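Here the structure comes first, spelled out in structure tokens, and everything after it is commentary.
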Number of protein chains: 2
Amino acid sequence: MSKGDDTRSHILRRALDLTSEVGFEGLTIGVLAKLVRMSKSGLYAHFESKEDLQRQVLEHAADHFVDVVVRKAIAEPRGLPRVRALYQRWLDWTTVELSGGCPFFAAAIEYDDRPGPVRDKLVAQQHEVLETVARAARIAVDAGHFHAALDAEQFAFEFWAILQAYHHFARLLQRADARSRADQAFDSLLRNAGAT
Amino acid sequence: MSKGDDTRSHILRRALDLTSEVGFEGLTIGVLAKLVRMSKSGLYAHFESKEDLQRQVLEHAADHFVDVVVRKAIAEPRGLPRVRALYQRWLDWTTVELSGGCPFFAAAIEYDDRPGPVRDKLVAQQHEVLETVARAARIAVDAGHFHAALDAEQFAFEFWAILQAYHHFARLLQRADARSRADQAFDSLLRNAGAT
């Protein structure tokens with residue numbers, strides 16, 4: 001990496017933390033400049049516009065997600081252990097890994113009514129991550145850990161549902177039972193999938 | 001209702017639609033004044049501050065939710081029919097009833113890191129609505145429609161999870177299968193609860 005890439009990567013990491021606390025609309029070149037102690041014109045050397053910054057933060061968040069969730073899950077054995085690891089790493093991602101909440105959940109709410117390149121990027125990322133879950137479920141079917149008739153896309157929907165509800169219970173409601181509720185729901189999802 | 005109440009109620013209805021599209025942070029006295037064609041000072045006669053406006057919109061949203069979801073569900077026979085009605089009315093609430101998405105999901109993301117009276121109000125409302133689901137599940141147990149060992153709060157968590165995921169699939173992802181995915185997940189939740 002060149003020094004320029006290094007600086008950009010440092011800025012994006014701070015921008016991601018900021019976004020996880022105040023959302024994408026709160027992420028402006030001005031606020032970010034103060035946070036990283038650079039001039040606004042210095043930041044414009046890295047990001048063409050607010051929208052470009054938002055898009056790059058989404059990409060950075062996805063790279064970070066792949067590092068701390070997907071890669072670590074894929075290091076586990078194929079099938080059920082990998083599905084479980086995906087779930088556990090992901091739970092930590094939504095509540096422990098970042099200073100605020102999950103930036104993807106925030107972006108989903110902020111952009112559902114706003115057409116444009118940021119929304120398009122987000123939707124593409126979401127389809128990809130749901131496909132990652134469905135693929136892990138299909139591998140578990142191939143490994144004989146889930147029953148052969150499993151609908152892997154339905155599995156991904158329900159997997160996603162648990163993560164979203166966990167985020168809500170843990171962050172907004174600050175419920176002490178958030179984790180155990182999510183775990184019970186996940187056990188039930190695994191049972192329905194035929195896990196033994 | 002006095003004429004003043006009538007005006008306030010009209011303003012709140014417009015404010016709720018605006019919020020469902022742009023979120024609570026986009027709901028300002030200035031933007032709302034333009035929308036309802038009143039002066040800002042005219043609006044300040046009804047709302048002391050932006051925060052007071054946000055709190056009143058949350059209350060108005062909850063009243064509206066009770067009217068179109070809870071009351072209609074309670075009109076159904078006790079037990080399983082009522083649980084089903086609660087689910088169906090609620091799905092419509094998140095995607096059909098308002099011009100944008102569910103204002104509670106938006107507020108949940110916007111306020112999870114912002115302590116204060118708006119967040120407190122929202123959290124109290126969320127506990128209440130989750131208790132409404134748990135109560136409906138307990139009544140279904142009493143009616144013999146669900147098995148006696150059902151954990152009603154766990155049922156409420158999983159019920160909530162399906163609604164959140166449905167909202168995400170239907171609104172952000174615009175997935176044509178959002179409704180059928182949610183329905184399959186709900187059928188599975190009912191089966192696990194022992195519904196016959």
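Note on naming: chains are A, B, ... as they come in the structure tokens, residues start from 1 per chain, ligands start from 1 in the order shown.
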For segment 185-193 of chain A, please output as a ChimeraX atom specification all residues within 12 Å (counting only C-alpha atoms; exclusion window: fewer than 6 positions along the same chain). /A:79-81,83-88,91,137-138,140-141,144-163,165-166,178-179 /B:151,153-162,185,187-189,191-193
Please produce a file of those selected residues containing C-alpha atoms, as a short mmCIF file (atom, residue, chain, number, x, y, z; two decimals), in the first residue's frame.
data_model
loop_
_atom_site.label_atom_id
_atom_site.label_comp_id
_atom_site.auth_asym_id
_atom_site.auth_seq_id
_atom_site.Cartn_x
_atom_site.Cartn_y
_atom_site.Cartn_z
CA GLY A 79 -21.29 -27.71 7.07
CA LEU A 80 -22.84 -27.08 10.49
CA PRO A 81 -19.66 -25.77 12.22
CA VAL A 83 -22.97 -22.10 9.72
CA ARG A 84 -22.63 -21.76 13.50
CA ALA A 85 -19.43 -19.72 13.18
CA LEU A 86 -21.09 -17.41 10.67
CA TYR A 87 -23.89 -16.78 13.15
CA GLN A 88 -21.61 -16.20 16.14
CA LEU A 91 -23.70 -11.39 16.28
CA ALA A 137 -26.60 -23.80 4.25
CA ARG A 138 -26.34 -25.66 0.91
CA ALA A 140 -24.39 -28.18 5.18
CA VAL A 141 -27.01 -30.05 3.14
CA GLY A 144 -25.49 -34.32 5.42
CA HIS A 145 -25.82 -31.93 8.40
CA PHE A 146 -29.12 -30.43 7.19
CA HIS A 147 -31.96 -32.37 5.55
CA ALA A 148 -31.87 -32.66 1.78
CA ALA A 149 -35.13 -30.77 1.20
CA LEU A 150 -33.92 -27.61 2.95
CA ASP A 151 -34.81 -24.33 1.19
CA ALA A 152 -31.47 -22.53 1.58
CA GLU A 153 -32.88 -19.11 0.70
CA GLN A 154 -35.59 -19.48 3.32
CA PHE A 155 -32.86 -20.45 5.77
CA ALA A 156 -31.02 -17.22 4.88
CA PHE A 157 -34.19 -15.15 5.44
CA GLU A 158 -34.71 -16.61 8.90
CA PHE A 159 -31.01 -16.36 9.78
CA TRP A 160 -31.11 -12.68 8.83
CA ALA A 161 -34.32 -12.15 10.84
CA ILE A 162 -32.63 -13.39 14.02
CA LEU A 163 -29.67 -11.05 13.55
CA ALA A 165 -34.02 -8.77 16.03
CA TYR A 166 -30.90 -9.38 18.13
CA ALA A 178 -31.02 -10.44 23.82
CA ARG A 179 -28.24 -12.98 23.31
CA ASP B 151 -42.13 -19.44 26.18
CA GLU B 153 -41.51 -13.94 25.31
CA GLN B 154 -39.39 -16.09 23.02
CA PHE B 155 -42.40 -16.30 20.71
CA ALA B 156 -42.57 -12.48 20.72
CA PHE B 157 -38.85 -12.22 19.86
CA GLU B 158 -39.23 -14.54 16.87
CA PHE B 159 -42.47 -12.88 15.75
CA TRP B 160 -40.70 -9.52 15.82
CA ALA B 161 -37.71 -10.94 13.93
CA ILE B 162 -39.94 -12.02 11.03
CA ALA B 185 -41.18 -18.30 8.61
CA ASP B 187 -45.89 -20.94 9.67
CA SER B 188 -42.74 -22.49 11.03
CA LEU B 189 -42.99 -20.35 14.20
CA ARG B 191 -45.66 -25.14 14.12
CA ASN B 192 -42.86 -24.87 16.70
CA ALA B 193 -45.41 -23.34 19.10
#
Each residue of chain B with at least one atom at most 6 Å from chain A should appear once, together with its nearest atom pair and the corresponding distance in Å (one decimal); atoms considered: only C-alpha atoms; ordering: chain, then increasing residue number; output as CSV.
residue,atom,partner,partner_atom,distance
B:Ala106,CA,A:Ile109,CA,5.9
B:Ile109,CA,A:Ala106,CA,5.9
B:Asp112,CA,A:Leu172,CA,4.5
B:Val123,CA,A:Leu173,CA,6.0
B:Ala161,CA,A:Ala161,CA,4.7
B:Ile162,CA,A:Ala161,CA,5.6
B:Ala165,CA,A:Ala161,CA,4.8
B:Arg171,CA,A:Asp112,CA,5.9
B:Leu172,CA,A:Asp112,CA,4.5
B:Leu173,CA,A:Val123,CA,6.0
Quick one: everything within 12 Å of Gln56 of chain A, counting only C-alpha atoms, minus sequence neighbours fewer than 6 positions away in the same chain. Send it as JSON, numbers by chain. {"A": [8, 9, 11, 12, 13, 15, 16, 19, 24, 27, 46, 47, 48, 49, 50, 62, 63, 117, 118, 121, 122]}
Within segment 16-77 of chain A, find each residue whose DSSP state, derived from the backbone, is alpha helix (DSSP H), and express the selection as a PyMOL selection string. chain A and resi 16-22+29-36+40-44+50-65+71-74
Just how far from atom CA of His60 of chain A is atom CA of Arg82 of chain A, in Å to one decimal? 23.9 Å
